[in-house]
Amino acid sequence: MKASIRTVYGTPEVLHIADIPKPTPQPGEVLVRVRAASVNLGDWEILTGRPRYIRFFAALMGPKSRDGVEPRNYGLWKPRYKVLGTDVAGVVETVGEGDARFEVGDEVFGDCAGFGSFAEFVRVPSKAVLVKKPAGVTFEQAGTLGQASAIAVQGIVDKGQVREGHKVLINGAGGGAGSFALHLAKSRGAEVTGVDGPGKQELMRSIGADHVNDFTKEEFTANGEIYDVVLDLAAYRSVFRARRSLAAGGIYIVAGGDWRSFWQSVFLGPVISRLSDRRVAFLMAESRASDLELMAGMIEDGSFSPVIDQVYPLEQAGEAIRSLGEKRSKGKVVVVP
């Protein structure tokens, strides 16, 4: 099968198309013919190996490669995964022994529980969250839902507990997960402020943002506005500074950003939350079938349409990843074999 592969960490130029063996599903697994796969920030980070702690997490994940090739390293110096891509939408090609979830020919979508969807086929393990695709949702739309749905639902609904009348700020609202979160917050009756770069202001308005903020012109933590919920998908500031933007009883949720914000939210967040009436939390989103089905249902009933910036052929997977890594893309970016 054809796949976009790499053998070293680096820029998108290290990716190239190659013929590799088609994976064979093991007991409890399914083989999916990929029809669409979207790009996430994790693809850029695993491609480049930066920030450096990403390599540490790769080492903790164990020795097996998602593409079925046993690596000779654990990801610290050379990548464990040759084939990137975690979100997938496609058709079940083969069902491994003991998997009663699907039949050959089922149209499915979800998260690979690893990497490997930037290829013609991907082997999806039993631990992966894969669900049947509704007829009214296209493969390209379904391919955007994996990680973005988890972040949006768990950030806005679970941790944020956003409800009617809340003032919500989403930093990174012009990206994939951010645009999902913006729509979800609006659907729950919140007054939403979207923050992103200068090229994404109209996009955020089109999704429904009540207010927009260009972070190159204004720092949201310094303008005096306060919010009940701040979902930060690009946390490159001290959590103490961000906390100033919270109303009493509010919550600041770190869902992406640099190592400083990550460690502060993990280790200092519980202390800040216990000692004050404003909370700081870190969101480690997990794949759940209910999140996928919620967002797919909204697409099918016409209340939501994921913004797809561009669809790239498999041969241009590197450019698709670059557009996200360089923060040029608006909404989601999709790769199709």
# chains A, B, ... in the order shown; residues from 1 in each chain; ligands from 1
call {"tool": "closest_atom_pairs", "arguments": {"of": "region 241-284 of chain A", "to": "region 150-163 of chain A", "cutoff": "10 Å", "atoms": "only C-alpha atoms", "output": "CSV"}}
result
residue,atom,partner,partner_atom,distance
A:Gly250,CA,A:Gly160,CA,8.7
A:Ile251,CA,A:Gly160,CA,6.8
A:Tyr252,CA,A:Gly160,CA,8.4
A:Ile253,CA,A:Gly155,CA,7.3
A:Val254,CA,A:Gly155,CA,9.1
A:Ala255,CA,A:Ile151,CA,7.5
A:Gly256,CA,A:Ile151,CA,9.9
A:Ala281,CA,A:Lys159,CA,8.2
A:Phe282,CA,A:Lys159,CA,9.3
A:Leu283,CA,A:Gly155,CA,6.9
A:Met284,CA,A:Ile151,CA,8.2
call {"tool": "residues_around", "arguments": {"residues": "region 12-15 of chain A", "least_positions_apart": "5", "cutoff": "12 Å", "atoms": "only C-alpha atoms", "output": "tab-separated table (two decimals) with N, CA, C and O atoms, in the first residue's frame"}}
result
chain	number	residue	atom	x	y	z
A	3	ALA	N	1.87	4.93	1.44
A	3	ALA	CA	1.80	5.65	2.69
A	3	ALA	C	2.79	6.80	2.67
A	3	ALA	O	3.80	6.76	1.96
A	4	SER	N	2.50	7.84	3.45
A	4	SER	CA	3.44	8.94	3.63
A	4	SER	C	4.29	8.59	4.84
A	4	SER	O	3.78	8.48	5.96
A	5	ILE	N	5.60	8.39	4.63
A	5	ILE	CA	6.44	7.90	5.72
A	5	ILE	C	7.64	8.82	5.94
A	5	ILE	O	8.00	9.65	5.12
A	6	ARG	N	8.27	8.62	7.12
A	6	ARG	CA	9.54	9.29	7.43
A	6	ARG	C	10.32	8.36	8.36
A	6	ARG	O	9.76	7.48	9.04
A	7	THR	N	11.62	8.55	8.44
A	7	THR	CA	12.47	7.73	9.31
A	7	THR	C	13.29	8.57	10.28
A	7	THR	O	14.01	8.03	11.10
A	43	ASP	N	0.49	15.71	15.04
A	43	ASP	CA	1.21	15.25	13.85
A	43	ASP	C	2.44	16.14	13.60
A	43	ASP	O	3.51	15.64	13.25
A	44	TRP	N	2.27	17.45	13.76
A	44	TRP	CA	3.39	18.38	13.59
A	44	TRP	C	4.46	18.12	14.67
A	44	TRP	O	5.66	18.08	14.38
A	45	GLU	N	4.01	17.94	15.91
A	45	GLU	CA	4.96	17.74	17.00
A	45	GLU	C	5.72	16.42	16.87
A	45	GLU	O	6.94	16.37	17.08
A	46	ILE	N	5.01	15.35	16.49
A	46	ILE	CA	5.68	14.06	16.32
A	46	ILE	C	6.56	14.07	15.08
A	46	ILE	O	7.59	13.40	15.02
A	47	LEU	N	6.17	14.84	14.06
A	47	LEU	CA	7.01	14.96	12.86
A	47	LEU	C	8.33	15.64	13.19
A	47	LEU	O	9.41	15.18	12.81
A	48	THR	N	8.25	16.75	13.91
A	48	THR	CA	9.45	17.54	14.20
A	48	THR	C	10.19	17.07	15.44
A	48	THR	O	11.37	17.38	15.62
A	49	GLY	N	9.50	16.35	16.32
A	49	GLY	CA	10.10	15.94	17.59
A	49	GLY	C	10.22	17.09	18.56
A	49	GLY	O	11.01	17.03	19.52
A	79	PRO	N	12.22	8.56	15.30
A	79	PRO	CA	10.78	8.37	15.52
A	79	PRO	C	10.37	6.91	15.57
A	79	PRO	O	10.89	6.07	14.83
A	81	TYR	N	7.18	6.09	15.02
A	81	TYR	CA	6.13	5.94	14.01
A	81	TYR	C	6.60	6.45	12.65
A	81	TYR	O	6.94	7.62	12.51
A	82	LYS	N	6.58	5.57	11.67
A	82	LYS	CA	6.92	6.00	10.31
A	82	LYS	C	5.76	6.73	9.66
A	82	LYS	O	5.94	7.66	8.89
A	83	VAL	N	4.54	6.27	9.94
A	83	VAL	CA	3.33	6.82	9.31
A	83	VAL	C	2.57	7.64	10.35
A	83	VAL	O	2.21	7.13	11.41
A	84	LEU	N	2.30	8.91	10.03
A	84	LEU	CA	1.57	9.78	10.94
A	84	LEU	C	0.07	9.71	10.65
A	84	LEU	O	-0.38	9.01	9.77
A	118	PHE	N	-2.26	8.33	7.58
A	118	PHE	CA	-1.83	8.96	6.33
A	118	PHE	C	-1.29	7.88	5.40
A	118	PHE	O	-0.12	7.82	5.05
A	314	LEU	N	-2.72	12.49	-0.58
A	314	LEU	CA	-1.74	11.83	0.28
A	314	LEU	C	-0.31	12.26	-0.05
A	314	LEU	O	0.52	12.42	0.86
A	315	GLU	N	-0.04	12.47	-1.34
A	315	GLU	CA	1.30	12.86	-1.77
A	315	GLU	C	1.73	14.20	-1.18
A	315	GLU	O	2.93	14.51	-1.13
A	316	GLN	N	0.77	15.01	-0.72
A	316	GLN	CA	1.09	16.32	-0.15
A	316	GLN	C	0.80	16.37	1.35
A	316	GLN	O	0.54	17.43	1.92
A	317	ALA	N	0.89	15.21	2.00
A	317	ALA	CA	0.64	15.16	3.45
A	317	ALA	C	1.58	16.09	4.20
A	317	ALA	O	1.20	16.71	5.20
A	318	GLY	N	2.83	16.21	3.74
A	318	GLY	CA	3.78	17.10	4.39
A	318	GLY	C	3.32	18.54	4.36
A	318	GLY	O	3.43	19.27	5.35
A	319	GLU	N	2.77	18.98	3.22
A	319	GLU	CA	2.28	20.35	3.12
A	319	GLU	C	1.05	20.55	3.99
A	319	GLU	O	0.84	21.64	4.55
A	320	ALA	N	0.23	19.51	4.11
A	320	ALA	CA	-0.95	19.60	4.99
A	320	ALA	C	-0.51	19.81	6.43
A	320	ALA	O	-1.07	20.65	7.15
A	321	ILE	N	0.49	19.06	6.86
A	321	ILE	CA	1.00	19.19	8.23
A	321	ILE	C	1.67	20.55	8.41
A	321	ILE	O	1.53	21.19	9.45
A	322	ARG	N	2.40	21.00	7.39
A	322	ARG	CA	3.09	22.29	7.49
A	322	ARG	C	2.08	23.43	7.68
A	322	ARG	O	2.32	24.36	8.46
A	323	SER	N	0.96	23.38	6.96
A	323	SER	CA	-0.01	24.47	7.06
A	323	SER	C	-0.55	24.60	8.47
A	323	SER	O	-0.85	25.71	8.92
A	324	LEU	N	-0.65	23.47	9.18
A	324	LEU	CA	-1.11	23.52	10.57
A	324	LEU	C	0.02	23.96	11.49
A	324	LEU	O	-0.16	24.83	12.34
A	325	GLY	N	1.21	23.37	11.30
A	325	GLY	CA	2.33	23.70	12.16
A	325	GLY	C	2.75	25.15	12.08
A	325	GLY	O	3.20	25.74	13.07
A	326	GLU	N	2.59	25.76	10.90
A	326	GLU	CA	2.94	27.17	10.73
A	326	GLU	C	1.75	28.09	10.99
A	326	GLU	O	1.82	29.28	10.71
call {"tool": "residues_around", "arguments": {"residues": "region 217-230 of chain A", "least_positions_apart": "4", "cutoff": "7 Å", "atoms": "only C-alpha atoms", "output": "list in words"}}
result
Gly160, His166, Lys167, Val168, Leu169, Ile170, Asn213, Arg241, Ala242, Arg244, Ser245, Leu246, Ala247, Gly250, Ile251, Tyr252 and Ile253 of chain A
call {"tool": "select_by_dssp", "arguments": {"residues": "region 34-148 of chain A", "states": "strand (DSSP E or B)", "output": "NGL selection string"}}
result
:A and (34-38 or 83 or 87-95 or 107-111 or 119 or 121-124 or 130-132)
call {"tool": "residues_around", "arguments": {"residues": "Gly143 (chain A)", "least_positions_apart": "2", "cutoff": "9 Å", "atoms": "only C-alpha atoms", "output": "PyMOL selection string"}}
result
chain A and resi 35-38+87-90+109-110+138-141+145-146+334-335
call {"tool": "write_last_selection", "arguments": {"atoms": "N, CA, C and O atoms", "output": "PDB file, in the first residue's frame"}}
result
ATOM      1  N   ARG A  35     -10.459   6.753   3.758  1.00  0.00           N
ATOM      2  CA  ARG A  35     -11.069   7.654   2.791  1.00  0.00           C
ATOM      3  C   ARG A  35     -10.752   9.118   3.108  1.00  0.00           C
ATOM      4  O   ARG A  35     -10.773   9.955   2.221  1.00  0.00           O
ATOM      5  N   ALA A  36     -10.470   9.408   4.361  1.00  0.00           N
ATOM      6  CA  ALA A  36     -10.083  10.765   4.757  1.00  0.00           C
ATOM      7  C   ALA A  36      -9.432  10.703   6.127  1.00  0.00           C
ATOM      8  O   ALA A  36      -9.801   9.884   6.976  1.00  0.00           O
ATOM      9  N   ALA A  37      -8.447  11.567   6.346  1.00  0.00           N
ATOM     10  CA  ALA A  37      -7.766  11.666   7.641  1.00  0.00           C
ATOM     11  C   ALA A  37      -7.395  13.125   7.847  1.00  0.00           C
ATOM     12  O   ALA A  37      -6.887  13.774   6.934  1.00  0.00           O
ATOM     13  N   SER A  38      -7.648  13.659   9.034  1.00  0.00           N
ATOM     14  CA  SER A  38      -7.330  15.074   9.244  1.00  0.00           C
ATOM     15  C   SER A  38      -6.051  15.229  10.058  1.00  0.00           C
ATOM     16  O   SER A  38      -5.594  14.307  10.737  1.00  0.00           O
ATOM     17  N   ASP A  87      -6.564  10.788  13.224  1.00  0.00           N
ATOM     18  CA  ASP A  87      -7.985  10.795  12.870  1.00  0.00           C
ATOM     19  C   ASP A  87      -8.196   9.999  11.592  1.00  0.00           C
ATOM     20  O   ASP A  87      -7.360  10.054  10.678  1.00  0.00           O
ATOM     21  N   VAL A  88      -9.314   9.289  11.511  1.00  0.00           N
ATOM     22  CA  VAL A  88      -9.558   8.487  10.312  1.00  0.00           C
ATOM     23  C   VAL A  88     -11.049   8.374  10.035  1.00  0.00           C
ATOM     24  O   VAL A  88     -11.876   8.370  10.947  1.00  0.00           O
ATOM     25  N   ALA A  89     -11.374   8.302   8.754  1.00  0.00           N
ATOM     26  CA  ALA A  89     -12.719   7.939   8.305  1.00  0.00           C
ATOM     27  C   ALA A  89     -12.529   7.043   7.091  1.00  0.00           C
ATOM     28  O   ALA A  89     -11.702   7.329   6.223  1.00  0.00           O
ATOM     29  N   GLY A  90     -13.276   5.944   7.055  1.00  0.00           N
ATOM     30  CA  GLY A  90     -13.087   5.031   5.937  1.00  0.00           C
ATOM     31  C   GLY A  90     -14.037   3.856   5.990  1.00  0.00           C
ATOM     32  O   GLY A  90     -15.088   3.906   6.650  1.00  0.00           O
ATOM     33  N   PHE A 109     -15.572   5.941  11.495  1.00  0.00           N
ATOM     34  CA  PHE A 109     -14.673   7.073  11.724  1.00  0.00           C
ATOM     35  C   PHE A 109     -14.283   7.084  13.191  1.00  0.00           C
ATOM     36  O   PHE A 109     -14.936   6.457  14.033  1.00  0.00           O
ATOM     37  N   GLY A 110     -13.205   7.809  13.486  1.00  0.00           N
ATOM     38  CA  GLY A 110     -12.773   7.912  14.874  1.00  0.00           C
ATOM     39  C   GLY A 110     -11.300   8.199  15.000  1.00  0.00           C
ATOM     40  O   GLY A 110     -10.716   8.911  14.182  1.00  0.00           O
ATOM     41  N   THR A 138     -20.261  13.238   5.382  1.00  0.00           N
ATOM     42  CA  THR A 138     -19.297  12.810   4.376  1.00  0.00           C
ATOM     43  C   THR A 138     -18.050  12.247   5.055  1.00  0.00           C
ATOM     44  O   THR A 138     -17.794  12.494   6.234  1.00  0.00           O
ATOM     45  N   PHE A 139     -17.237  11.513   4.291  1.00  0.00           N
ATOM     46  CA  PHE A 139     -15.993  10.982   4.839  1.00  0.00           C
ATOM     47  C   PHE A 139     -15.068  12.124   5.254  1.00  0.00           C
ATOM     48  O   PHE A 139     -14.396  12.039   6.287  1.00  0.00           O
ATOM     49  N   GLU A 140     -15.016  13.173   4.451  1.00  0.00           N
ATOM     50  CA  GLU A 140     -14.129  14.291   4.789  1.00  0.00           C
ATOM     51  C   GLU A 140     -14.576  14.963   6.078  1.00  0.00           C
ATOM     52  O   GLU A 140     -13.750  15.331   6.922  1.00  0.00           O
ATOM     53  N   GLN A 141     -15.884  15.146   6.258  1.00  0.00           N
ATOM     54  CA  GLN A 141     -16.382  15.728   7.504  1.00  0.00           C
ATOM     55  C   GLN A 141     -16.076  14.805   8.682  1.00  0.00           C
ATOM     56  O   GLN A 141     -15.580  15.248   9.724  1.00  0.00           O
ATOM     57  N   LEU A 145     -13.280  14.652  12.895  1.00  0.00           N
ATOM     58  CA  LEU A 145     -13.920  14.628  14.203  1.00  0.00           C
ATOM     59  C   LEU A 145     -13.122  13.974  15.327  1.00  0.00           C
ATOM     60  O   LEU A 145     -13.434  14.199  16.507  1.00  0.00           O
ATOM     61  N   GLY A 146     -12.119  13.174  15.016  1.00  0.00           N
ATOM     62  CA  GLY A 146     -11.448  12.384  16.046  1.00  0.00           C
ATOM     63  C   GLY A 146     -11.008  13.161  17.271  1.00  0.00           C
ATOM     64  O   GLY A 146     -11.666  13.149  18.321  1.00  0.00           O
ATOM     65  N   VAL A 334      -7.486  18.335   5.818  1.00  0.00           N
ATOM     66  CA  VAL A 334      -7.789  16.925   5.556  1.00  0.00           C
ATOM     67  C   VAL A 334      -6.836  16.353   4.505  1.00  0.00           C
ATOM     68  O   VAL A 334      -6.469  17.044   3.551  1.00  0.00           O
ATOM     69  N   VAL A 335      -6.455  15.101   4.698  1.00  0.00           N
ATOM     70  CA  VAL A 335      -5.620  14.366   3.746  1.00  0.00           C
ATOM     71  C   VAL A 335      -6.443  13.188   3.225  1.00  0.00           C
ATOM     72  O   VAL A 335      -7.066  12.462   4.003  1.00  0.00           O
TER      73      VAL A 335
END
call {"tool": "residues_around", "arguments": {"residues": "Ser303 (chain A)", "least_positions_apart": "2", "cutoff": "12 Å", "atoms": "only C-alpha atoms", "output": "VMD selection string"}}
result
chain A and resid 180 183 to 184 186 to 187 207 to 208 294 to 301 305 to 306
call {"tool": "write_last_selection", "arguments": {"atoms": "N, CA, C and O atoms", "output": "mmCIF file, in the first residue's frame"}}
result
data_model
loop_
_atom_site.group_PDB
_atom_site.id
_atom_site.type_symbol
_atom_site.label_atom_id
_atom_site.label_comp_id
_atom_site.auth_asym_id
_atom_site.auth_seq_id
_atom_site.Cartn_x
_atom_site.Cartn_y
_atom_site.Cartn_z
ATOM 1 N N PHE A 180 -14.504 23.912 16.700
ATOM 2 C CA PHE A 180 -15.515 22.997 17.245
ATOM 3 C C PHE A 180 -16.004 23.513 18.597
ATOM 4 O O PHE A 180 -17.205 23.535 18.883
ATOM 5 N N HIS A 183 -18.307 26.610 18.355
ATOM 6 C CA HIS A 183 -19.680 26.266 17.967
ATOM 7 C C HIS A 183 -20.425 25.611 19.124
ATOM 8 O O HIS A 183 -21.597 25.925 19.381
ATOM 9 N N LEU A 184 -19.748 24.719 19.832
ATOM 10 C CA LEU A 184 -20.403 24.000 20.926
ATOM 11 C C LEU A 184 -20.793 24.956 22.046
ATOM 12 O O LEU A 184 -21.891 24.847 22.615
ATOM 13 N N LYS A 186 -21.481 28.150 21.754
ATOM 14 C CA LYS A 186 -22.622 28.939 21.284
ATOM 15 C C LYS A 186 -23.907 28.126 21.345
ATOM 16 O O LYS A 186 -24.967 28.655 21.699
ATOM 17 N N SER A 187 -23.824 26.851 21.008
ATOM 18 C CA SER A 187 -25.028 26.006 21.012
ATOM 19 C C SER A 187 -25.582 25.833 22.420
ATOM 20 O O SER A 187 -26.754 25.493 22.592
ATOM 21 N N ILE A 207 -18.561 31.427 12.404
ATOM 22 C CA ILE A 207 -18.976 30.290 13.218
ATOM 23 C C ILE A 207 -19.948 30.729 14.301
ATOM 24 O O ILE A 207 -20.724 29.930 14.820
ATOM 25 N N GLY A 208 -19.912 32.031 14.658
ATOM 26 C CA GLY A 208 -20.853 32.529 15.653
ATOM 27 C C GLY A 208 -20.256 33.295 16.798
ATOM 28 O O GLY A 208 -20.974 33.637 17.755
ATOM 29 N N LEU A 294 -21.911 12.763 19.222
ATOM 30 C CA LEU A 294 -22.538 14.069 19.442
ATOM 31 C C LEU A 294 -22.242 15.012 18.286
ATOM 32 O O LEU A 294 -23.157 15.614 17.707
ATOM 33 N N MET A 295 -20.955 15.148 17.930
ATOM 34 C CA MET A 295 -20.588 16.094 16.877
ATOM 35 C C MET A 295 -21.066 15.620 15.502
ATOM 36 O O MET A 295 -21.502 16.421 14.678
ATOM 37 N N ALA A 296 -21.011 14.304 15.256
ATOM 38 C CA ALA A 296 -21.514 13.777 13.980
ATOM 39 C C ALA A 296 -23.019 13.995 13.865
ATOM 40 O O ALA A 296 -23.534 14.308 12.781
ATOM 41 N N GLY A 297 -23.726 13.859 14.984
ATOM 42 C CA GLY A 297 -25.165 14.100 14.981
ATOM 43 C C GLY A 297 -25.500 15.536 14.659
ATOM 44 O O GLY A 297 -26.491 15.826 13.964
ATOM 45 N N MET A 298 -24.669 16.468 15.127
ATOM 46 C CA MET A 298 -24.896 17.879 14.834
ATOM 47 C C MET A 298 -24.638 18.183 13.360
ATOM 48 O O MET A 298 -25.300 19.043 12.771
ATOM 49 N N ILE A 299 -23.684 17.470 12.774
ATOM 50 C CA ILE A 299 -23.460 17.633 11.332
ATOM 51 C C ILE A 299 -24.655 17.098 10.560
ATOM 52 O O ILE A 299 -25.164 17.735 9.635
ATOM 53 N N GLU A 300 -25.133 15.932 10.970
ATOM 54 C CA GLU A 300 -26.226 15.293 10.236
ATOM 55 C C GLU A 300 -27.518 16.093 10.338
ATOM 56 O O GLU A 300 -28.278 16.171 9.360
ATOM 57 N N ASP A 301 -27.775 16.729 11.492
ATOM 58 C CA ASP A 301 -29.031 17.494 11.606
ATOM 59 C C ASP A 301 -28.888 18.926 11.069
ATOM 60 O O ASP A 301 -29.832 19.714 11.127
ATOM 61 N N SER A 305 -21.295 22.453 10.823
ATOM 62 C CA SER A 305 -20.531 22.016 9.658
ATOM 63 C C SER A 305 -19.066 22.320 9.925
ATOM 64 O O SER A 305 -18.696 23.499 10.066
ATOM 65 N N PRO A 306 -18.219 21.307 10.062
ATOM 66 C CA PRO A 306 -16.811 21.586 10.349
ATOM 67 C C PRO A 306 -16.175 22.397 9.235
ATOM 68 O O PRO A 306 -16.412 22.143 8.056
#
call {"tool": "atom_distance", "arguments": {"atom1": "CA of His16 (chain A)", "atom2": "CA of Lys327 (chain A)"}}
result
22.1 Å
call {"tool": "residues_around", "arguments": {"residues": "Gly257 (chain A)", "least_positions_apart": "6", "cutoff": "12 Å", "atoms": "only C-alpha atoms", "output": "short mmCIF file (atom, residue, chain, number, x, y, z; two decimals) with all heavy atoms, in the first residue's frame"}}
result
data_model
loop_
_atom_site.label_atom_id
_atom_site.label_comp_id
_atom_site.auth_asym_id
_atom_site.auth_seq_id
_atom_site.Cartn_x
_atom_site.Cartn_y
_atom_site.Cartn_z
N LEU A 41 -2.37 18.92 15.73
CA LEU A 41 -1.10 19.49 16.17
C LEU A 41 -0.10 18.40 16.54
O LEU A 41 1.10 18.54 16.32
CB LEU A 41 -1.32 20.42 17.37
CG LEU A 41 -0.07 21.13 17.91
CD1 LEU A 41 0.59 21.99 16.84
CD2 LEU A 41 -0.43 21.96 19.14
N GLY A 42 -0.62 17.28 17.07
CA GLY A 42 0.27 16.17 17.43
C GLY A 42 1.05 15.64 16.24
O GLY A 42 2.19 15.17 16.40
N GLU A 45 4.01 17.94 15.91
CA GLU A 45 4.96 17.74 17.00
C GLU A 45 5.72 16.42 16.87
O GLU A 45 6.94 16.37 17.08
CB GLU A 45 4.23 17.80 18.34
CG GLU A 45 3.66 19.18 18.65
CD GLU A 45 2.81 19.21 19.89
OE1 GLU A 45 2.31 18.14 20.31
OE2 GLU A 45 2.62 20.31 20.45
N ARG A 50 9.43 18.14 18.37
CA ARG A 50 9.45 19.32 19.23
C ARG A 50 8.03 19.72 19.61
O ARG A 50 7.14 19.62 18.78
CB ARG A 50 10.15 20.48 18.50
CG ARG A 50 11.61 20.23 18.25
CD ARG A 50 12.25 21.40 17.52
NE ARG A 50 13.65 21.17 17.27
CZ ARG A 50 14.63 21.40 18.15
NH1 ARG A 50 14.32 21.88 19.32
NH2 ARG A 50 15.88 21.16 17.87
N PRO A 51 7.82 20.19 20.83
CA PRO A 51 8.82 20.35 21.89
C PRO A 51 9.42 19.01 22.33
O PRO A 51 8.81 17.96 22.13
CB PRO A 51 8.03 21.01 23.03
CG PRO A 51 6.61 20.68 22.75
CD PRO A 51 6.47 20.58 21.27
N ASN A 171 -9.17 30.58 23.25
CA ASN A 171 -7.92 31.02 22.62
C ASN A 171 -7.49 29.95 21.63
O ASN A 171 -7.25 28.80 22.01
CB ASN A 171 -6.83 31.23 23.68
CG ASN A 171 -5.59 31.85 23.08
OD1 ASN A 171 -5.67 32.63 22.14
ND2 ASN A 171 -4.44 31.50 23.62
N GLY A 172 -7.40 30.32 20.35
CA GLY A 172 -7.16 29.35 19.29
C GLY A 172 -8.45 28.93 18.62
O GLY A 172 -8.55 27.84 18.05
N LEU A 231 -10.98 28.56 27.68
CA LEU A 231 -10.40 27.34 27.12
C LEU A 231 -9.21 27.77 26.28
O LEU A 231 -9.37 28.41 25.24
CB LEU A 231 -11.42 26.58 26.28
CG LEU A 231 -10.91 25.32 25.57
CD1 LEU A 231 -10.44 24.28 26.58
CD2 LEU A 231 -12.01 24.73 24.67
N ASP A 232 -8.00 27.42 26.72
CA ASP A 232 -6.78 27.89 26.07
C ASP A 232 -6.12 26.75 25.30
O ASP A 232 -5.53 25.84 25.88
CB ASP A 232 -5.81 28.46 27.11
CG ASP A 232 -4.78 29.38 26.49
OD1 ASP A 232 -4.56 29.30 25.27
OD2 ASP A 232 -4.20 30.20 27.23
N LEU A 233 -6.24 26.81 23.97
CA LEU A 233 -5.65 25.80 23.10
C LEU A 233 -4.25 26.20 22.65
O LEU A 233 -3.60 25.44 21.94
CB LEU A 233 -6.55 25.59 21.88
CG LEU A 233 -7.95 25.07 22.23
CD1 LEU A 233 -8.92 25.37 21.12
CD2 LEU A 233 -7.91 23.59 22.52
N ALA A 234 -3.82 27.37 23.05
CA ALA A 234 -2.48 27.87 22.70
C ALA A 234 -1.92 28.61 23.91
O ALA A 234 -1.72 29.81 23.88
CB ALA A 234 -2.55 28.78 21.48
N ALA A 235 -1.71 27.87 24.98
CA ALA A 235 -1.30 28.45 26.26
C ALA A 235 0.21 28.69 26.28
O ALA A 235 0.99 27.78 26.53
CB ALA A 235 -1.71 27.53 27.42
N TYR A 236 0.60 29.92 26.01
CA TYR A 236 2.01 30.31 26.03
C TYR A 236 2.22 31.45 27.02
O TYR A 236 2.98 32.36 26.78
CB TYR A 236 2.47 30.73 24.63
CG TYR A 236 2.35 29.63 23.62
CD1 TYR A 236 1.33 29.64 22.68
CD2 TYR A 236 3.24 28.56 23.62
CE1 TYR A 236 1.21 28.61 21.75
CE2 TYR A 236 3.13 27.53 22.70
CZ TYR A 236 2.11 27.56 21.77
OH TYR A 236 1.99 26.54 20.85
N ARG A 237 1.50 31.38 28.13
CA ARG A 237 1.56 32.41 29.15
C ARG A 237 1.46 31.75 30.51
O ARG A 237 1.01 30.62 30.65
CB ARG A 237 0.41 33.42 28.96
CG ARG A 237 -0.95 32.75 29.04
CD ARG A 237 -2.09 33.67 28.69
NE ARG A 237 -1.94 34.27 27.37
CZ ARG A 237 -2.21 33.62 26.23
NH1 ARG A 237 -2.60 32.35 26.25
NH2 ARG A 237 -2.07 34.23 25.07
N SER A 238 1.87 32.48 31.54
CA SER A 238 1.76 31.98 32.91
C SER A 238 0.30 31.77 33.28
O SER A 238 -0.56 32.59 32.94
CB SER A 238 2.41 32.98 33.86
OG SER A 238 2.01 32.74 35.19
N VAL A 239 0.01 30.70 33.99
CA VAL A 239 -1.37 30.47 34.43
C VAL A 239 -1.79 31.54 35.43
O VAL A 239 -2.98 31.83 35.57
CB VAL A 239 -1.55 29.06 35.04
CG1 VAL A 239 -1.27 27.98 34.01
CG2 VAL A 239 -0.68 28.87 36.28
N TRP A 263 3.10 22.30 32.74
CA TRP A 263 3.52 21.91 34.08
C TRP A 263 2.84 22.75 35.14
O TRP A 263 2.47 22.25 36.22
CB TRP A 263 5.04 21.99 34.22
CG TRP A 263 5.77 20.95 33.42
CD1 TRP A 263 6.61 21.15 32.37
CD2 TRP A 263 5.69 19.52 33.59
NE1 TRP A 263 7.06 19.96 31.87
CE2 TRP A 263 6.52 18.94 32.60
CE3 TRP A 263 5.00 18.69 34.47
CZ2 TRP A 263 6.68 17.56 32.47
CZ3 TRP A 263 5.16 17.32 34.34
CH2 TRP A 263 5.98 16.77 33.36
N GLN A 264 2.66 24.04 34.89
CA GLN A 264 1.98 24.89 35.86
C GLN A 264 0.55 24.44 36.09
O GLN A 264 0.07 24.39 37.23
CB GLN A 264 2.00 26.35 35.40
CG GLN A 264 3.33 27.05 35.56
CD GLN A 264 3.26 28.51 35.18
OE1 GLN A 264 2.30 28.97 34.57
NE2 GLN A 264 4.29 29.26 35.54
N SER A 265 -0.15 24.09 35.00
CA SER A 265 -1.55 23.68 35.15
C SER A 265 -1.66 22.33 35.86
O SER A 265 -2.58 22.11 36.65
CB SER A 265 -2.24 23.62 33.78
OG SER A 265 -1.62 22.67 32.94
N PHE A 282 -5.93 21.26 33.74
CA PHE A 282 -5.31 20.78 32.52
C PHE A 282 -6.23 19.75 31.88
O PHE A 282 -6.73 18.85 32.56
CB PHE A 282 -3.95 20.15 32.81
CG PHE A 282 -3.30 19.54 31.59
CD1 PHE A 282 -2.79 20.35 30.58
CD2 PHE A 282 -3.21 18.16 31.45
CE1 PHE A 282 -2.21 19.80 29.45
CE2 PHE A 282 -2.62 17.60 30.32
CZ PHE A 282 -2.11 18.42 29.32
N LEU A 283 -6.45 19.89 30.58
CA LEU A 283 -7.31 18.95 29.87
C LEU A 283 -6.48 17.95 29.08
O LEU A 283 -5.77 18.32 28.15
CB LEU A 283 -8.23 19.71 28.90
CG LEU A 283 -9.10 18.83 27.98
CD1 LEU A 283 -10.06 17.98 28.81
CD2 LEU A 283 -9.87 19.68 26.98
#
call {"tool": "select_by_dssp", "arguments": {"residues": "region 77-246 of chain A", "states": "alpha helix (DSSP H)", "output": "ChimeraX atom specification"}}
result
/A:139-142,146-153,176-187,201-207,239-243
call {"tool": "atom_distance", "arguments": {"atom1": "CA of Lys132 (chain A)", "atom2": "CA of Met204 (chain A)"}}
result
29.7 Å
call {"tool": "closest_atom_pairs", "arguments": {"of": "region 20-59 of chain A", "to": "region 121-131 of chain A", "cutoff": "9 Å", "atoms": "only C-alpha atoms", "output": "tab-separated table"}}
result
residue	atom	partner	partner_atom	distance
A:Lys22	CA	A:Phe121	CA	6.8
A:Pro23	CA	A:Arg123	CA	6.0
A:Thr24	CA	A:Arg123	CA	7.1
A:Pro25	CA	A:Arg123	CA	5.9
A:Gln26	CA	A:Pro125	CA	8.0
A:Pro27	CA	A:Ser126	CA	8.5
A:Gly28	CA	A:Ser126	CA	5.3
A:Glu29	CA	A:Pro125	CA	4.6
A:Val30	CA	A:Val124	CA	5.4
A:Leu31	CA	A:Arg123	CA	4.6
A:Val32	CA	A:Val122	CA	5.4
A:Arg33	CA	A:Phe121	CA	4.5
A:Val34	CA	A:Phe121	CA	5.3
A:Arg35	CA	A:Phe121	CA	8.9
